[in-house]
Amino acid sequence: MIKEGNRAPDFSLLNQNSERVTLSSFLGEKVLIWFFPKASTSGCTLEGLGFKDKIDIFKSKKINVIGISKDSVKAQKNFCEKNEFPFDILSDPECDVIKNYGAWVLKKMYGREYWGINRISFLINEVGEIEKIFHSVNTKSHANDVLEEF
């Protein structure tokens with residue numbers, strides 16, 4: 001289980017523009033990775049818009065914002081363009097990164113169990129360690145909740 005203080009698992013995934021983004025390329029900077037279940041759904045859009053609305057504050061605190069879900073690059077591109085997100089949204093269709101970060105969990109809805117992505121975020125510090133894990137994510141206030149910590 002990944003914990004605060006652990007080295008963040010490195011990854012290399014494609015963003016919405018089919019450009020490769022590697023976590024280790026951010027060494028020397030902070031990165032907030034927010035995992036979300038599905039692009040272009042109401043809750044994920046609300047959460048993404050919160051980060052978009054506060055992006056100048058994140059930048060002033062030298063925190064890069066990156067979203068990750070298992071959606072295709074095309075779906076991520078549509079999600080980004082529709083909402084004019086000023087940050088990368090990465091595609092992890094094999095769920096390798098999602099699983100490495102412990103965001104792939106057994107969920108229950110209407111008595112049915114299924115595997116899916118848990119809303120969870122990780123703040124990674126300048127040396128690549130997990131500084132803070134945000135387990136209880138409220139889609140409406142998540143960006144503000146993160147900023148209140150710093």
# chains A, B, ... in the order shown; residues from 1 in each chain; ligands from 1

$ residues_around --residues "region 16-27 of chain A" --least-positions-apart "4" --cutoff "10 Å" --atoms "only C-alpha atoms" --output "ChimeraX atom specification"
/A:8-12,31,33,64,66,72-81,87-91,124-129

$ closest_atom_pairs --of "region 45-122 of chain A" --to "region 144-150 of chain A" --cutoff "12 Å" --atoms "only C-alpha atoms" --output "Markdown table"
| residue | atom | partner | partner_atom | distance |
| --- | --- | --- | --- | --- |
| A:Glu47 | CA | A:Asn144 | CA | 10.3 |
| A:Gly48 | CA | A:Asn144 | CA | 11.9 |
| A:Leu49 | CA | A:Asn144 | CA | 11.5 |
| A:Gly50 | CA | A:Asn144 | CA | 7.7 |
| A:Phe51 | CA | A:Asn144 | CA | 8.4 |
| A:Lys52 | CA | A:Asn144 | CA | 11.3 |
| A:Asp53 | CA | A:Asn144 | CA | 9.9 |
| A:Lys54 | CA | A:Asn144 | CA | 7.8 |
| A:Ile55 | CA | A:Leu147 | CA | 10.5 |
| A:Asp56 | CA | A:Leu147 | CA | 11.4 |
| A:Ile57 | CA | A:Leu147 | CA | 8.1 |
| A:Phe58 | CA | A:Leu147 | CA | 7.6 |
| A:Lys59 | CA | A:Leu147 | CA | 11.2 |
| A:Ser60 | CA | A:Leu147 | CA | 11.1 |
| A:Lys61 | CA | A:Phe150 | CA | 8.2 |
| A:Lys62 | CA | A:Phe150 | CA | 11.0 |
| A:Ile63 | CA | A:Leu147 | CA | 9.9 |
| A:Val65 | CA | A:Val146 | CA | 11.1 |
| A:Ile120 | CA | A:Val146 | CA | 11.4 |
| A:Ser121 | CA | A:Val146 | CA | 9.0 |
| A:Phe122 | CA | A:Val146 | CA | 9.7 |

$ residues_around --residues "Glu94 (chain A)" --least-positions-apart "2" --cutoff "8 Å" --atoms "only C-alpha atoms" --output "ChimeraX atom specification"
/A:70,92,96

$ select_by_dssp --residues "region 6-146 of chain A" --states "alpha helix (DSSP H)" --output "PyMOL selection string"
chain A and resi 42-53+55-60+73-83+96-100+142-146

$ atom_distance --atom1 "CA of Ile130 (chain A)" --atom2 "CA of Ile2 (chain A)"
8.7 Å
